[in-house]
>>> print(open('protein22.pdb').read())   # PDB, C-alpha atoms, pLDDT in the B column
MODEL        1
ATOM      1  CA  MET A   1      -4.636  -2.570  32.094  1.00 42.00           C
ATOM      2  CA  SER A   2      -8.079  -3.159  30.541  1.00 46.00           C
ATOM      3  CA  SER A   3      -9.808  -1.609  33.554  1.00 57.00           C
ATOM      4  CA  LYS A   4      -8.178   1.674  32.513  1.00 89.00           C
ATOM      5  CA  LEU A   5      -9.340   1.350  28.904  1.00 95.00           C
ATOM      6  CA  LYS A   6     -12.545   2.707  27.445  1.00 96.00           C
ATOM      7  CA  ILE A   7     -13.904   2.050  23.939  1.00 97.00           C
ATOM      8  CA  ILE A   8     -14.578   5.253  22.028  1.00 97.00           C
ATOM      9  CA  THR A   9     -16.017   5.888  18.566  1.00 97.00           C
ATOM     10  CA  THR A  10     -13.914   8.089  16.305  1.00 97.00           C
ATOM     11  CA  GLU A  11     -15.209  10.439  13.605  1.00 96.00           C
ATOM     12  CA  ASP A  12     -15.211   7.856  10.804  1.00 96.00           C
ATOM     13  CA  GLY A  13     -17.346   5.512  12.925  1.00 96.00           C
ATOM     14  CA  SER A  14     -14.521   3.139  13.824  1.00 97.00           C
ATOM     15  CA  HIS A  15     -13.642   2.265  17.385  1.00 97.00           C
ATOM     16  CA  SER A  16     -10.507   3.189  19.256  1.00 97.00           C
ATOM     17  CA  LEU A  17      -9.509   2.958  22.911  1.00 97.00           C
ATOM     18  CA  TYR A  18      -8.858   5.652  25.460  1.00 96.00           C
ATOM     19  CA  ASN A  19      -6.189   4.871  28.032  1.00 94.00           C
ATOM     20  CA  GLU A  20      -7.284   6.726  31.146  1.00 93.00           C
ATOM     21  CA  GLU A  21      -3.920   6.295  32.842  1.00 90.00           C
ATOM     22  CA  LEU A  22      -1.948   7.859  29.983  1.00 89.00           C
ATOM     23  CA  LYS A  23      -4.811  10.158  28.942  1.00 92.00           C
ATOM     24  CA  GLU A  24      -4.169   9.046  25.395  1.00 94.00           C
ATOM     25  CA  THR A  25      -6.139   7.376  22.591  1.00 94.00           C
ATOM     26  CA  TYR A  26      -4.874   4.414  20.590  1.00 95.00           C
ATOM     27  CA  HIS A  27      -5.777   6.180  17.331  1.00 95.00           C
ATOM     28  CA  SER A  28      -6.752   9.587  16.033  1.00 94.00           C
ATOM     29  CA  PHE A  29     -10.088  11.019  17.189  1.00 92.00           C
ATOM     30  CA  HIS A  30     -10.603  11.977  13.536  1.00 95.00           C
ATOM     31  CA  GLY A  31     -10.848   8.336  12.446  1.00 96.00           C
ATOM     32  CA  ALA A  32      -9.021   5.215  13.595  1.00 96.00           C
ATOM     33  CA  LEU A  33      -9.621   3.308  10.372  1.00 96.00           C
ATOM     34  CA  LYS A  34      -8.736   6.238   8.113  1.00 96.00           C
ATOM     35  CA  GLU A  35      -5.539   6.870  10.068  1.00 97.00           C
ATOM     36  CA  SER A  36      -4.364   3.255   9.783  1.00 98.00           C
ATOM     37  CA  VAL A  37      -5.172   3.054   6.078  1.00 97.00           C
ATOM     38  CA  HIS A  38      -3.393   6.341   5.358  1.00 98.00           C
ATOM     39  CA  VAL A  39      -0.250   5.928   7.459  1.00 98.00           C
ATOM     40  CA  PHE A  40       0.400   2.197   7.302  1.00 98.00           C
ATOM     41  CA  MET A  41      -1.366   0.875   4.204  1.00 98.00           C
ATOM     42  CA  LEU A  42      -1.039   3.752   1.696  1.00 98.00           C
ATOM     43  CA  TYR A  43       2.322   5.198   2.754  1.00 98.00           C
ATOM     44  CA  GLY A  44       3.608   1.884   4.099  1.00 98.00           C
ATOM     45  CA  ILE A  45       2.909  -1.356   2.278  1.00 98.00           C
ATOM     46  CA  ASP A  46       1.387   0.126  -0.890  1.00 97.00           C
ATOM     47  CA  SER A  47       4.466   2.322  -1.316  1.00 97.00           C
ATOM     48  CA  TRP A  48       6.793  -0.601  -0.640  1.00 96.00           C
ATOM     49  CA  LEU A  49       4.994  -2.729  -3.252  1.00 95.00           C
ATOM     50  CA  MET A  50       5.385  -0.023  -5.893  1.00 95.00           C
ATOM     51  CA  GLU A  51       9.157  -0.124  -5.391  1.00 94.00           C
ATOM     52  CA  ASN A  52       9.368  -3.918  -4.985  1.00 92.00           C
ATOM     53  CA  PRO A  53       6.696  -5.434  -7.246  1.00 90.00           C
ATOM     54  CA  ASN A  54       8.401  -8.817  -7.499  1.00 88.00           C
ATOM     55  CA  LYS A  55       9.784  -9.314  -3.998  1.00 84.00           C
ATOM     56  CA  LYS A  56       7.922 -11.823  -1.844  1.00 90.00           C
ATOM     57  CA  PRO A  57       7.141 -12.416   0.938  1.00 96.00           C
ATOM     58  CA  LEU A  58       6.664  -9.006   2.552  1.00 98.00           C
ATOM     59  CA  ARG A  59       8.075  -8.882   6.091  1.00 98.00           C
ATOM     60  CA  ILE A  60       6.506  -6.400   8.493  1.00 98.00           C
ATOM     61  CA  PHE A  61       7.413  -5.410  12.036  1.00 98.00           C
ATOM     62  CA  GLU A  62       4.841  -3.505  14.104  1.00 98.00           C
ATOM     63  CA  VAL A  63       5.471  -1.652  17.347  1.00 98.00           C
ATOM     64  CA  GLY A  64       2.149  -1.784  19.182  1.00 96.00           C
ATOM     65  CA  PHE A  65      -0.366  -4.519  18.258  1.00 98.00           C
ATOM     66  CA  GLY A  66      -3.013  -2.685  20.300  1.00 97.00           C
ATOM     67  CA  THR A  67      -6.509  -3.181  18.878  1.00 98.00           C
ATOM     68  CA  GLY A  68      -5.147  -5.359  16.060  1.00 98.00           C
ATOM     69  CA  LEU A  69      -6.394  -2.896  13.440  1.00 98.00           C
ATOM     70  CA  ASN A  70      -3.106  -2.588  11.522  1.00 98.00           C
ATOM     71  CA  ALA A  71      -2.560  -6.352  11.500  1.00 98.00           C
ATOM     72  CA  TRP A  72      -6.132  -6.992  10.394  1.00 98.00           C
ATOM     73  CA  LEU A  73      -5.949  -4.433   7.567  1.00 98.00           C
ATOM     74  CA  THR A  74      -2.656  -5.969   6.463  1.00 98.00           C
ATOM     75  CA  LEU A  75      -4.233  -9.431   6.391  1.00 98.00           C
ATOM     76  CA  ILE A  76      -6.990  -8.070   4.142  1.00 97.00           C
ATOM     77  CA  TRP A  77      -4.354  -6.417   1.930  1.00 97.00           C
ATOM     78  CA  ALA A  78      -2.362  -9.655   1.701  1.00 97.00           C
ATOM     79  CA  GLU A  79      -5.402 -11.727   0.772  1.00 96.00           C
ATOM     80  CA  GLN A  80      -6.711  -9.240  -1.786  1.00 95.00           C
ATOM     81  CA  ASN A  81      -3.300  -8.737  -3.411  1.00 94.00           C
ATOM     82  CA  GLN A  82      -2.342 -12.413  -3.015  1.00 95.00           C
ATOM     83  CA  ILE A  83       1.023 -11.396  -1.576  1.00 96.00           C
ATOM     84  CA  PRO A  84       2.355 -13.469   1.330  1.00 97.00           C
ATOM     85  CA  VAL A  85       3.044 -11.431   4.457  1.00 98.00           C
ATOM     86  CA  LEU A  86       5.122 -12.409   7.479  1.00 98.00           C
ATOM     87  CA  TYR A  87       3.942 -10.140  10.289  1.00 98.00           C
ATOM     88  CA  HIS A  88       5.813  -9.680  13.572  1.00 98.00           C
ATOM     89  CA  THR A  89       4.188  -7.535  16.252  1.00 98.00           C
ATOM     90  CA  ILE A  90       4.780  -6.734  19.907  1.00 98.00           C
ATOM     91  CA  GLU A  91       2.428  -5.651  22.678  1.00 97.00           C
ATOM     92  CA  PRO A  92       3.391  -5.507  26.371  1.00 95.00           C
ATOM     93  CA  PHE A  93      -0.236  -4.984  27.453  1.00 94.00           C
ATOM     94  CA  PRO A  94      -2.623  -7.211  25.442  1.00 96.00           C
ATOM     95  CA  LEU A  95      -6.320  -6.393  25.455  1.00 96.00           C
ATOM     96  CA  SER A  96      -8.806  -8.518  27.330  1.00 95.00           C
ATOM     97  CA  GLU A  97     -11.449 -10.433  25.388  1.00 96.00           C
ATOM     98  CA  GLU A  98     -14.038  -8.176  27.006  1.00 95.00           C
ATOM     99  CA  ILE A  99     -12.490  -5.263  25.096  1.00 96.00           C
ATOM    100  CA  TYR A 100     -11.397  -6.733  21.766  1.00 96.00           C
ATOM    101  CA  SER A 101     -14.635  -8.681  21.249  1.00 96.00           C
ATOM    102  CA  GLN A 102     -16.529  -5.371  21.043  1.00 96.00           C
ATOM    103  CA  LEU A 103     -14.366  -3.692  18.365  1.00 97.00           C
ATOM    104  CA  ASN A 104     -16.469  -2.813  15.321  1.00 96.00           C
ATOM    105  CA  TYR A 105     -13.973  -2.790  12.429  1.00 96.00           C
ATOM    106  CA  GLY A 106     -15.608  -5.682  10.601  1.00 93.00           C
ATOM    107  CA  ASP A 107     -19.002  -3.941  10.632  1.00 93.00           C
ATOM    108  CA  LEU A 108     -17.929  -0.703   8.956  1.00 91.00           C
ATOM    109  CA  ASP A 109     -17.857  -1.653   5.288  1.00 85.00           C
ATOM    110  CA  ASP A 110     -19.404  -4.462   3.230  1.00 79.00           C
ATOM    111  CA  GLY A 111     -15.942  -5.169   1.822  1.00 82.00           C
ATOM    112  CA  PHE A 112     -14.685  -5.993   5.299  1.00 87.00           C
ATOM    113  CA  PHE A 113     -17.479  -8.376   6.266  1.00 85.00           C
ATOM    114  CA  HIS A 114     -15.794 -11.496   4.862  1.00 91.00           C
ATOM    115  CA  TYR A 115     -12.719 -10.744   6.998  1.00 96.00           C
ATOM    116  CA  LYS A 116     -14.573  -9.922  10.217  1.00 94.00           C
ATOM    117  CA  PRO A 117     -13.792 -13.257  11.983  1.00 96.00           C
ATOM    118  CA  TYR A 118     -10.071 -12.746  11.454  1.00 97.00           C
ATOM    119  CA  LEU A 119      -9.908  -9.844  13.909  1.00 97.00           C
ATOM    120  CA  GLN A 120     -10.967 -12.141  16.754  1.00 96.00           C
ATOM    121  CA  LYS A 121      -8.612 -14.821  15.456  1.00 97.00           C
ATOM    122  CA  LEU A 122      -5.646 -12.420  15.591  1.00 98.00           C
ATOM    123  CA  HIS A 123      -6.410 -11.537  19.199  1.00 98.00           C
ATOM    124  CA  LYS A 124      -7.000 -15.146  20.286  1.00 97.00           C
ATOM    125  CA  MET A 125      -3.733 -16.420  18.810  1.00 97.00           C
ATOM    126  CA  GLU A 126      -1.178 -17.732  21.266  1.00 97.00           C
ATOM    127  CA  TRP A 127       1.416 -15.175  22.298  1.00 97.00           C
ATOM    128  CA  ASP A 128       5.124 -15.639  21.629  1.00 96.00           C
ATOM    129  CA  GLN A 129       4.757 -18.119  18.774  1.00 92.00           C
ATOM    130  CA  GLY A 130       4.053 -17.848  15.089  1.00 96.00           C
ATOM    131  CA  ALA A 131       0.961 -19.151  13.321  1.00 96.00           C
ATOM    132  CA  ILE A 132      -0.641 -19.348   9.891  1.00 97.00           C
ATOM    133  CA  VAL A 133      -3.700 -17.097  10.099  1.00 97.00           C
ATOM    134  CA  SER A 134      -4.855 -17.224   6.474  1.00 97.00           C
ATOM    135  CA  GLU A 135      -3.517 -18.330   3.111  1.00 97.00           C
ATOM    136  CA  TYR A 136      -1.361 -15.226   2.661  1.00 97.00           C
ATOM    137  CA  PHE A 137      -0.843 -14.064   6.247  1.00 98.00           C
ATOM    138  CA  ASN A 138       1.470 -15.503   8.894  1.00 98.00           C
ATOM    139  CA  MET A 139       1.873 -13.730  12.216  1.00 98.00           C
ATOM    140  CA  LYS A 140       3.962 -13.883  15.339  1.00 98.00           C
ATOM    141  CA  LYS A 141       2.873 -11.649  18.194  1.00 98.00           C
ATOM    142  CA  GLU A 142       4.989 -11.281  21.284  1.00 98.00           C
ATOM    143  CA  LYS A 143       4.024 -10.030  24.714  1.00 98.00           C
ATOM    144  CA  THR A 144       7.193  -8.042  25.178  1.00 98.00           C
ATOM    145  CA  SER A 145       8.757  -4.606  24.861  1.00 97.00           C
ATOM    146  CA  LEU A 146      10.791  -3.014  22.100  1.00 97.00           C
ATOM    147  CA  GLU A 147      13.769  -3.053  24.455  1.00 97.00           C
ATOM    148  CA  GLN A 148      13.533  -6.823  24.949  1.00 98.00           C
ATOM    149  CA  VAL A 149      12.325  -8.156  21.588  1.00 98.00           C
ATOM    150  CA  ILE A 150      14.674  -9.943  19.187  1.00 98.00           C
ATOM    151  CA  LEU A 151      13.981  -8.489  15.756  1.00 98.00           C
ATOM    152  CA  TYR A 152      13.834 -10.303  12.424  1.00 97.00           C
ATOM    153  CA  PRO A 153      14.720  -8.647   9.117  1.00 98.00           C
ATOM    154  CA  SER A 154      11.817  -6.437   7.997  1.00 98.00           C
ATOM    155  CA  ASP A 155      10.765  -4.648   4.820  1.00 98.00           C
ATOM    156  CA  VAL A 156       8.223  -2.323   6.429  1.00 98.00           C
ATOM    157  CA  VAL A 157       8.068  -1.022   9.997  1.00 98.00           C
ATOM    158  CA  PHE A 158       4.784   0.208  11.450  1.00 98.00           C
ATOM    159  CA  PHE A 159       5.941   2.418  14.321  1.00 98.00           C
ATOM    160  CA  ASP A 160       2.626   2.825  16.112  1.00 97.00           C
ATOM    161  CA  ALA A 161       3.660   3.403  19.720  1.00 95.00           C
ATOM    162  CA  PHE A 162       1.941   5.962  21.935  1.00 93.00           C
ATOM    163  CA  ALA A 163       3.065   9.531  21.308  1.00 93.00           C
ATOM    164  CA  PRO A 164       6.551  10.659  22.403  1.00 95.00           C
ATOM    165  CA  SER A 165       4.948  12.872  25.041  1.00 94.00           C
ATOM    166  CA  LYS A 166       3.336   9.778  26.602  1.00 93.00           C
ATOM    167  CA  GLN A 167       5.998   7.080  26.109  1.00 92.00           C
ATOM    168  CA  PRO A 168       9.239   8.964  25.352  1.00 95.00           C
ATOM    169  CA  GLU A 169      11.427   5.918  26.007  1.00 95.00           C
ATOM    170  CA  LEU A 170      10.113   4.178  22.876  1.00 96.00           C
ATOM    171  CA  TRP A 171      11.209   7.058  20.654  1.00 98.00           C
ATOM    172  CA  GLU A 172      14.796   7.360  21.871  1.00 97.00           C
ATOM    173  CA  LYS A 173      17.572   7.010  19.345  1.00 97.00           C
ATOM    174  CA  PRO A 174      19.053   3.701  20.618  1.00 97.00           C
ATOM    175  CA  LEU A 175      15.723   1.939  20.048  1.00 98.00           C
ATOM    176  CA  LEU A 176      15.254   3.610  16.672  1.00 98.00           C
ATOM    177  CA  GLN A 177      18.763   2.411  15.803  1.00 98.00           C
ATOM    178  CA  LYS A 178      17.796  -1.133  16.836  1.00 98.00           C
ATOM    179  CA  VAL A 179      14.834  -1.025  14.481  1.00 98.00           C
ATOM    180  CA  PHE A 180      16.883   0.511  11.656  1.00 98.00           C
ATOM    181  CA  ASP A 181      19.543  -2.183  11.969  1.00 98.00           C
ATOM    182  CA  SER A 182      16.902  -4.881  11.479  1.00 98.00           C
ATOM    183  CA  MET A 183      15.452  -3.329   8.320  1.00 98.00           C
ATOM    184  CA  ASN A 184      16.255  -4.730   4.901  1.00 97.00           C
ATOM    185  CA  PRO A 185      17.742  -2.429   2.246  1.00 96.00           C
ATOM    186  CA  GLY A 186      14.894  -0.557   0.578  1.00 95.00           C
ATOM    187  CA  GLY A 187      12.808  -0.876   3.719  1.00 97.00           C
ATOM    188  CA  ILE A 188      10.224   1.657   4.917  1.00 98.00           C
ATOM    189  CA  PHE A 189       9.722   3.085   8.409  1.00 98.00           C
ATOM    190  CA  THR A 190       6.330   4.734   8.694  1.00 98.00           C
ATOM    191  CA  THR A 191       4.645   6.506  11.599  1.00 98.00           C
ATOM    192  CA  TYR A 192       1.861   8.989  12.337  1.00 97.00           C
ATOM    193  CA  CYS A 193       4.338  11.077  14.362  1.00 97.00           C
ATOM    194  CA  ALA A 194       5.739  14.243  12.750  1.00 97.00           C
ATOM    195  CA  GLN A 195       7.892  15.474  15.638  1.00 97.00           C
ATOM    196  CA  GLY A 196      11.004  17.376  14.572  1.00 97.00           C
ATOM    197  CA  GLN A 197      13.264  15.484  16.976  1.00 97.00           C
ATOM    198  CA  LEU A 198      12.101  12.164  15.554  1.00 98.00           C
ATOM    199  CA  LYS A 199      12.944  13.285  12.020  1.00 98.00           C
ATOM    200  CA  ARG A 200      16.406  14.443  13.096  1.00 98.00           C
ATOM    201  CA  ASP A 201      17.065  11.161  14.886  1.00 98.00           C
ATOM    202  CA  LEU A 202      15.880   9.076  11.935  1.00 98.00           C
ATOM    203  CA  LYS A 203      18.197  11.016   9.612  1.00 98.00           C
ATOM    204  CA  GLU A 204      21.122  10.547  11.979  1.00 98.00           C
ATOM    205  CA  ILE A 205      20.678   6.772  12.114  1.00 98.00           C
ATOM    206  CA  GLY A 206      20.664   6.611   8.311  1.00 98.00           C
ATOM    207  CA  LEU A 207      17.118   6.856   6.968  1.00 98.00           C
ATOM    208  CA  GLU A 208      16.083   9.122   4.108  1.00 98.00           C
ATOM    209  CA  VAL A 209      13.267  11.013   5.786  1.00 98.00           C
ATOM    210  CA  GLU A 210      10.117  12.380   4.158  1.00 98.00           C
ATOM    211  CA  THR A 211       7.451  14.608   5.667  1.00 98.00           C
ATOM    212  CA  LEU A 212       4.152  13.538   4.100  1.00 98.00           C
ATOM    213  CA  PRO A 213       0.544  14.751   4.347  1.00 97.00           C
ATOM    214  CA  GLY A 214      -1.019  13.363   7.491  1.00 97.00           C
ATOM    215  CA  PRO A 215      -4.291  11.468   7.898  1.00 95.00           C
ATOM    216  CA  PRO A 216      -7.547  13.364   8.568  1.00 93.00           C
ATOM    217  CA  GLY A 217      -7.069  15.897  11.351  1.00 92.00           C
ATOM    218  CA  LYS A 218      -3.274  15.787  11.189  1.00 93.00           C
ATOM    219  CA  LYS A 219      -1.184  18.044   8.965  1.00 96.00           C
ATOM    220  CA  GLU A 220       1.888  15.817   8.615  1.00 98.00           C
ATOM    221  CA  MET A 221       3.346  12.345   9.190  1.00 98.00           C
ATOM    222  CA  THR A 222       6.811  10.844   8.778  1.00 98.00           C
ATOM    223  CA  ARG A 223       8.277   8.145   6.576  1.00 98.00           C
ATOM    224  CA  GLY A 224      11.849   6.969   6.245  1.00 98.00           C
ATOM    225  CA  TRP A 225      13.518   4.798   3.595  1.00 98.00           C
ATOM    226  CA  LYS A 226      16.567   2.634   4.171  1.00 98.00           C
ATOM    227  CA  LYS A 227      18.367   3.163   0.888  1.00 91.00           C
TER
ENDMDL
END
>>> encode(input="protein22.pdb", output="structure tokens")
Amino acid sequence: MSSKLKIITTEDGSHSLYNEELKETYHSFHGALKESVHVFMLYGIDSWLMENPNKKPLRIFEVGFGTGLNAWLTLIWAEQNQIPVLYHTIEPFPLSEEIYSQLNYGDLDDGFFHYKPYLQKLHKMEWDQGAIVSEYFNMKKEKTSLEQVILYPSDVVFFDAFAPSKQPELWEKPLLQKVFDSMNPGGIFTTYCAQGQLKRDLKEIGLEVETLPGPPGKKEMTRGWKK
């Protein structure tokens, strides 16, 4: 898989990957870091915290560990807010050390420098078992597919799969239903995707769906609440 991957630099200076086989990037060309912060931090865990200020720990499920950017940003969020996070993520095609060791996220901002070593630590963790990564961040990453994974209850879902045009099977209603069924009441489903079919399917399985402003370069994104 890694032989078909190429590191690219997006418009905010942060790295992403280009999958030559799928002809698809792992993040937006307009800024990998800005996209993750906007879609998953701001409209994901920050929004959840506003509605659930006293509920701990926060349980997150991520579809697509990829470069580890979302997990790493969540670790920083957990440490800075001193809120324990239990993070469950899946990735059928883990990156090689040759690739992940070059990712530049920890070099982009002085505020990130203290957390730079954690990105490597997240990638080097053993697959298919949980581990304490930092004081406020526990993670289990599984080398498996959404079809095969056994889901735990979650408060926030980061649905960060490749686009429906590239991996349509991951966006089909039965798998969305599987994810919905695992979500706790009051849970959030957040994704960069704004496809009309996705919104219709999310409504049909029971989520209250919002169309929100997208990250840089993208007009809209989607969020659903399990009321």
>>> residues_around(input="protein22.pdb", residues="Lys55 (chain A)", least_positions_apart="2", cutoff="12 Å", atoms="all atoms listed in the file", output="JSON list (two decimals) with C-alpha atoms, in the coordinates of the input")
[["chain", "number", "residue", "atom", "x", "y", "z"],
["A", 48, "TRP", "CA", 6.79, -0.60, -0.64],
["A", 49, "LEU", "CA", 4.99, -2.73, -3.25],
["A", 50, "MET", "CA", 5.38, -0.02, -5.89],
["A", 51, "GLU", "CA", 9.16, -0.12, -5.39],
["A", 52, "ASN", "CA", 9.37, -3.92, -4.99],
["A", 53, "PRO", "CA", 6.70, -5.43, -7.25],
["A", 57, "PRO", "CA", 7.14, -12.42, 0.94],
["A", 58, "LEU", "CA", 6.66, -9.01, 2.55],
["A", 59, "ARG", "CA", 8.07, -8.88, 6.09],
["A", 83, "ILE", "CA", 1.02, -11.40, -1.58],
["A", 84, "PRO", "CA", 2.36, -13.47, 1.33],
["A", 85, "VAL", "CA", 3.04, -11.43, 4.46],
["A", 155, "ASP", "CA", 10.76, -4.65, 4.82],
["A", 184, "ASN", "CA", 16.26, -4.73, 4.90],
["A", 186, "GLY", "CA", 14.89, -0.56, 0.58],
["A", 187, "GLY", "CA", 12.81, -0.88, 3.72]]
>>> resolve_selection(input="protein22.pdb", expression="the PyMOL selection byres ((chain A and resi 213) around 10)", output="ChimeraX atom specification")
/A:38-39,43,192,194,210-212,214-216,218-222
>>> atom_distance(input="protein22.pdb", atom1="CA of Ser134 (chain A)", atom2="CA of Ile76 (chain A)")
9.7 Å
>>> resolve_selection(input="protein22.pdb", expression="the PyMOL selection byres ((chain A and resi 74) around 9)", output="list in words")
Phe40, Met41, Ile45, Leu69, Asn70, Ala71, Trp72, Leu73, Leu75, Ile76, Trp77, Ala78, Glu79, Val85, Tyr87 and Phe137 of chain A
>>> resolve_selection(input="protein22.pdb", expression="the PyMOL selection byres ((chain A and resi 157-160) around 6)", output="VMD selection string")
chain A and resid 60 to 64 156 161 189 to 191
>>> write_last_selection(input="protein22.pdb", atoms="C-alpha atoms", output="compact mmCIF listing (two decimals), in the coordinates of the input")
# COMPACT_ATOMS: atom_id res chain seq x y z
CA ILE A 60 6.51 -6.40 8.49
CA PHE A 61 7.41 -5.41 12.04
CA GLU A 62 4.84 -3.50 14.10
CA VAL A 63 5.47 -1.65 17.35
CA GLY A 64 2.15 -1.78 19.18
CA VAL A 156 8.22 -2.32 6.43
CA ALA A 161 3.66 3.40 19.72
CA PHE A 189 9.72 3.08 8.41
CA THR A 190 6.33 4.73 8.69
CA THR A 191 4.64 6.51 11.60
>>> residues_around(input="protein22.pdb", residues="Lys227 (chain A)", least_positions_apart="2", cutoff="10 Å", atoms="only C-alpha atoms", output="mmCIF file with C-alpha atoms, keeping the file's coordinate frame")
data_model
loop_
_atom_site.group_PDB
_atom_site.id
_atom_site.type_symbol
_atom_site.label_atom_id
_atom_site.label_comp_id
_atom_site.auth_asym_id
_atom_site.auth_seq_id
_atom_site.Cartn_x
_atom_site.Cartn_y
_atom_site.Cartn_z
ATOM 1 C CA ASN A 184 16.255 -4.730 4.901
ATOM 2 C CA PRO A 185 17.742 -2.429 2.246
ATOM 3 C CA GLY A 186 14.894 -0.557 0.578
ATOM 4 C CA GLY A 187 12.808 -0.876 3.719
ATOM 5 C CA ILE A 188 10.224 1.657 4.917
ATOM 6 C CA GLY A 206 20.664 6.611 8.311
ATOM 7 C CA LEU A 207 17.118 6.856 6.968
ATOM 8 C CA GLU A 208 16.083 9.122 4.108
ATOM 9 C CA GLY A 224 11.849 6.969 6.245
ATOM 10 C CA TRP A 225 13.518 4.798 3.595
#
>>> closest_residue(input="protein22.pdb", among="A:Ile7, A:Met125, A:Thr89, A:Gln148", to="Leu175 (chain A)", atoms="all atoms listed in the file")
A:Gln148
>>> closest_residue(input="protein22.pdb", among="A:Lys6, A:Glu11, A:Leu146, A:Arg200", to="Leu95 (chain A)", atoms="only C-alpha atoms")
A:Lys6
>>> atom_distance(input="protein22.pdb", atom1="CA of Glu147 (chain A)", atom2="CA of Glu98 (chain A)")
28.4 Å
>>> residues_around(input="protein22.pdb", residues="Gly106 (chain A)", least_positions_apart="2", cutoff="8 Å", atoms="all atoms listed in the file", output="ChimeraX atom specification")
/A:104,108-109,112-113,115-117,119
>>> write_last_selection(input="protein22.pdb", atoms="C-alpha atoms", output="mmCIF file, keeping the file's coordinate frame")
data_model
loop_
_atom_site.group_PDB
_atom_site.id
_atom_site.type_symbol
_atom_site.label_atom_id
_atom_site.label_comp_id
_atom_site.auth_asym_id
_atom_site.auth_seq_id
_atom_site.Cartn_x
_atom_site.Cartn_y
_atom_site.Cartn_z
ATOM 1 C CA ASN A 104 -16.469 -2.813 15.321
ATOM 2 C CA LEU A 108 -17.929 -0.703 8.956
ATOM 3 C CA ASP A 109 -17.857 -1.653 5.288
ATOM 4 C CA PHE A 112 -14.685 -5.993 5.299
ATOM 5 C CA PHE A 113 -17.479 -8.376 6.266
ATOM 6 C CA TYR A 115 -12.719 -10.744 6.998
ATOM 7 C CA LYS A 116 -14.573 -9.922 10.217
ATOM 8 C CA PRO A 117 -13.792 -13.257 11.983
ATOM 9 C CA LEU A 119 -9.908 -9.844 13.909
#
>>> axis_aligned_box(input="protein22.pdb", around="region 137-142 of chain A", padding_each_side="3 Å", output="lines of an AutoDock Vina configuration file")
center_x = 2.1
center_y = -13.4
center_z = 13.8
size_x = 11.8
size_y = 10.2
size_z = 21.0
>>> atom_distance(input="protein22.pdb", atom1="CA of Asp201 (chain A)", atom2="CA of Tyr152 (chain A)")
21.8 Å
>>> closest_residue(input="protein22.pdb", among="A:Asn54, A:Thr9, A:Ser96, A:Gln195", to="Gly66 (chain A)", atoms="all atoms listed in the file")
A:Ser96
>>> closest_residue(input="protein22.pdb", among="A:Lys203, A:Lys56, A:Ile90, A:Ile99", to="Ile8 (chain A)", atoms="all atoms listed in the file")
A:Ile99
>>> residues_around(input="protein22.pdb", residues="Lys178 (chain A)", least_positions_apart="3", cutoff="10 Å", atoms="all atoms listed in the file", output="number ranges by chain")
A: 146-147, 150-151, 173-175, 181-183, 205
>>> residues_around(input="protein22.pdb", residues="Lys140 (chain A)", least_positions_apart="5", cutoff="6 Å", atoms="only C-alpha atoms", output="JSON, numbers by chain")
{"A": [88, 129, 130]}
>>> write_last_selection(input="protein22.pdb", atoms="C-alpha atoms", output="PDB file, in the frame of the given file")
ATOM      1  CA  HIS A  88       5.813  -9.680  13.572  1.00 98.00           C
ATOM      2  CA  GLN A 129       4.757 -18.119  18.774  1.00 92.00           C
ATOM      3  CA  GLY A 130       4.053 -17.848  15.089  1.00 96.00           C
TER       4      GLY A 130
END
>>> closest_residue(input="protein22.pdb", among="A:Pro164, A:Glu91, A:Asp107, A:His114", to="Glu142 (chain A)", atoms="only C-alpha atoms")
A:Glu91
